[in-house]
Amino acid sequence: FCPQVSLREGTSSFRTYQQGGDGDASRVIYQAAIADVTRSCSYNASQVTMNVAVAGRIVPGPQGRTGAITMPIRIAVVRGEDVVYTQLHQYPVQVNDLAGATQFVFNDPNVTFELPPDRGVRVFAGFDEGPSGN
């Protein structure tokens, strides 16, 4: 048993705007989208360790520029209503081309939690612009 990775509604894409330009399409610096998620699992006597991978792309907006950007990617594991693992990663990506999309692949190889007595564990990946709250 290796739990599927899902995207929560509203976490598969986000936009970054120039200061004061939230919601204004002409002030978008870049927009990012997750295209795919996958995972692998390893086990010991009492724990599961997952390697969760996220693939996506970044597209510059009208105010786009080259250079490093940071994408907030959260991996979370829940059992019922209990969060058994959560980590917010500030993943850097280098944007060198303003004419096309920049692909990225992120992975968190340290998603570890106690073996579940059943298959009631859910794993989520996605963008999270809120407070870190690891």
# chains A, B, ... in the order shown; residues from 1 in each chain; ligands from 1
>>> closest_atom_pairs(of="segment 79-132 of chain A", to="segment 29-33 of chain A", cutoff="12 Å", atoms="only C-alpha atoms", output="JSON lines")
{"residue": "A:Val93", "atom": "CA", "partner": "A:Ala32", "partner_atom": "CA", "distance": 10.9}
{"residue": "A:Val95", "atom": "CA", "partner": "A:Tyr30", "partner_atom": "CA", "distance": 9.9}
{"residue": "A:Asp97", "atom": "CA", "partner": "A:Tyr30", "partner_atom": "CA", "distance": 11.9}
{"residue": "A:Leu98", "atom": "CA", "partner": "A:Tyr30", "partner_atom": "CA", "distance": 9.7}
{"residue": "A:Ala99", "atom": "CA", "partner": "A:Tyr30", "partner_atom": "CA", "distance": 11.9}
{"residue": "A:Gly100", "atom": "CA", "partner": "A:Tyr30", "partner_atom": "CA", "distance": 11.2}
{"residue": "A:Ala101", "atom": "CA", "partner": "A:Ala32", "partner_atom": "CA", "distance": 9.3}
{"residue": "A:Thr102", "atom": "CA", "partner": "A:Ala32", "partner_atom": "CA", "distance": 9.3}
{"residue": "A:Gln103", "atom": "CA", "partner": "A:Ala32", "partner_atom": "CA", "distance": 9.6}
{"residue": "A:Phe104", "atom": "CA", "partner": "A:Ala32", "partner_atom": "CA", "distance": 9.8}
{"residue": "A:Val105", "atom": "CA", "partner": "A:Ala33", "partner_atom": "CA", "distance": 11.5}
{"residue": "A:Gly126", "atom": "CA", "partner": "A:Ala33", "partner_atom": "CA", "distance": 9.3}
{"residue": "A:Phe127", "atom": "CA", "partner": "A:Ala33", "partner_atom": "CA", "distance": 8.7}
{"residue": "A:Asp128", "atom": "CA", "partner": "A:Ala32", "partner_atom": "CA", "distance": 11.9}
>>> residues_around(residues="Asn107 of chain A", least_positions_apart="6", cutoff="9 Å", atoms="only C-alpha atoms", output="PyMOL selection string")
chain A and resi 39+51-55
>>> write_last_selection(atoms="all heavy atoms", output="PDB file, in the first residue's frame")
ATOM      1  N   ARG A  39       4.538   9.315  -6.501  1.00  0.00           N
ATOM      2  CA  ARG A  39       5.174   8.953  -5.241  1.00  0.00           C
ATOM      3  C   ARG A  39       5.748   7.554  -5.318  1.00  0.00           C
ATOM      4  O   ARG A  39       5.403   6.753  -6.186  1.00  0.00           O
ATOM      5  CB  ARG A  39       4.188   9.048  -4.077  1.00  0.00           C
ATOM      6  CG  ARG A  39       3.325   7.808  -3.875  1.00  0.00           C
ATOM      7  CD  ARG A  39       2.250   7.710  -4.908  1.00  0.00           C
ATOM      8  NE  ARG A  39       1.318   6.624  -4.629  1.00  0.00           N
ATOM      9  CZ  ARG A  39       0.913   5.785  -5.577  1.00  0.00           C
ATOM     10  NH1 ARG A  39       1.373   5.871  -6.805  1.00  0.00           N
ATOM     11  NH2 ARG A  39       0.024   4.853  -5.288  1.00  0.00           N
ATOM     12  N   ASN A  51       8.535   9.269  -1.030  1.00  0.00           N
ATOM     13  CA  ASN A  51       9.185  10.280  -1.842  1.00  0.00           C
ATOM     14  C   ASN A  51       8.080  10.826  -2.741  1.00  0.00           C
ATOM     15  O   ASN A  51       7.601  10.126  -3.634  1.00  0.00           O
ATOM     16  CB  ASN A  51      10.322   9.673  -2.660  1.00  0.00           C
ATOM     17  CG  ASN A  51      11.079  10.721  -3.446  1.00  0.00           C
ATOM     18  OD1 ASN A  51      10.707  11.887  -3.482  1.00  0.00           O
ATOM     19  ND2 ASN A  51      12.143  10.298  -4.090  1.00  0.00           N
ATOM     20  N   VAL A  52       7.633  12.048  -2.463  1.00  0.00           N
ATOM     21  CA  VAL A  52       6.544  12.667  -3.214  1.00  0.00           C
ATOM     22  C   VAL A  52       7.145  13.638  -4.222  1.00  0.00           C
ATOM     23  O   VAL A  52       7.954  14.490  -3.861  1.00  0.00           O
ATOM     24  CB  VAL A  52       5.577  13.405  -2.260  1.00  0.00           C
ATOM     25  CG1 VAL A  52       4.497  14.129  -3.051  1.00  0.00           C
ATOM     26  CG2 VAL A  52       4.955  12.422  -1.270  1.00  0.00           C
ATOM     27  N   ALA A  53       6.751  13.491  -5.489  1.00  0.00           N
ATOM     28  CA  ALA A  53       7.270  14.354  -6.553  1.00  0.00           C
ATOM     29  C   ALA A  53       6.141  15.165  -7.177  1.00  0.00           C
ATOM     30  O   ALA A  53       5.021  14.674  -7.328  1.00  0.00           O
ATOM     31  CB  ALA A  53       7.969  13.519  -7.617  1.00  0.00           C
ATOM     32  N   VAL A  54       6.469  16.402  -7.527  1.00  0.00           N
ATOM     33  CA  VAL A  54       5.530  17.345  -8.122  1.00  0.00           C
ATOM     34  C   VAL A  54       6.194  17.902  -9.382  1.00  0.00           C
ATOM     35  O   VAL A  54       7.316  18.388  -9.316  1.00  0.00           O
ATOM     36  CB  VAL A  54       5.216  18.498  -7.138  1.00  0.00           C
ATOM     37  CG1 VAL A  54       4.342  19.554  -7.798  1.00  0.00           C
ATOM     38  CG2 VAL A  54       4.590  17.971  -5.865  1.00  0.00           C
ATOM     39  N   ALA A  55       5.489  17.834 -10.510  1.00  0.00           N
ATOM     40  CA  ALA A  55       5.999  18.384 -11.766  1.00  0.00           C
ATOM     41  C   ALA A  55       5.052  19.474 -12.249  1.00  0.00           C
ATOM     42  O   ALA A  55       3.831  19.356 -12.094  1.00  0.00           O
ATOM     43  CB  ALA A  55       6.124  17.299 -12.824  1.00  0.00           C
TER      44      ALA A  55
END
>>> closest_residue(among="A:Ala35, A:Cys2, A:Ile73, A:Cys41", to="Thr86 of chain A", atoms="only C-alpha atoms")
A:Ile73
>>> closest_residue(among="A:Pro92, A:Gly67, A:Pro3, A:Gly10", to="Pro116 of chain A", atoms="only C-alpha atoms")
A:Pro3
>>> residues_around(residues="Val121 of chain A", least_positions_apart="3", cutoff="7 Å", atoms="only C-alpha atoms", output="list of chain:residue names")
A:Pro3, A:Val77, A:Val78, A:Arg79
>>> closest_residue(among="A:Gly120, A:Ala25, A:Pro62, A:Gly56", to="Asp82 of chain A", atoms="only C-alpha atoms")
A:Gly120
>>> closest_residue(among="A:Ser6, A:Ser46, A:Gln19, A:Asn110", to="Gln63 of chain A", atoms="only C-alpha atoms")
A:Gln19
>>> atom_distance(atom1="atom CA of Val59 of chain A", atom2="atom CA of Asp108 of chain A")
23.1 Å
>>> residues_around(residues="Tyr43 of chain A", least_positions_apart="6", cutoff="12 Å", atoms="only C-alpha atoms", output="NGL selection string")
:A and (1-2 or 49-51 or 111-116)
>>> select_by_dssp(residues="chain A", states="strand (DSSP E)", output="ChimeraX atom specification")
/A:5-7,13-17,28-43,47-60,67-79,82-95,102-114,121-127
>>> atom_distance(atom1="atom CA of Arg15 of chain A", atom2="atom CA of Val123 of chain A")
23.7 Å
>>> closest_residue(among="A:Asp118, A:Glu9, A:Asp36, A:Glu129", to="Phe106 of chain A", atoms="only C-alpha atoms")
A:Asp36
>>> atom_distance(atom1="atom CA of Arg119 of chain A", atom2="atom CA of Ile34 of chain A")
25.6 Å
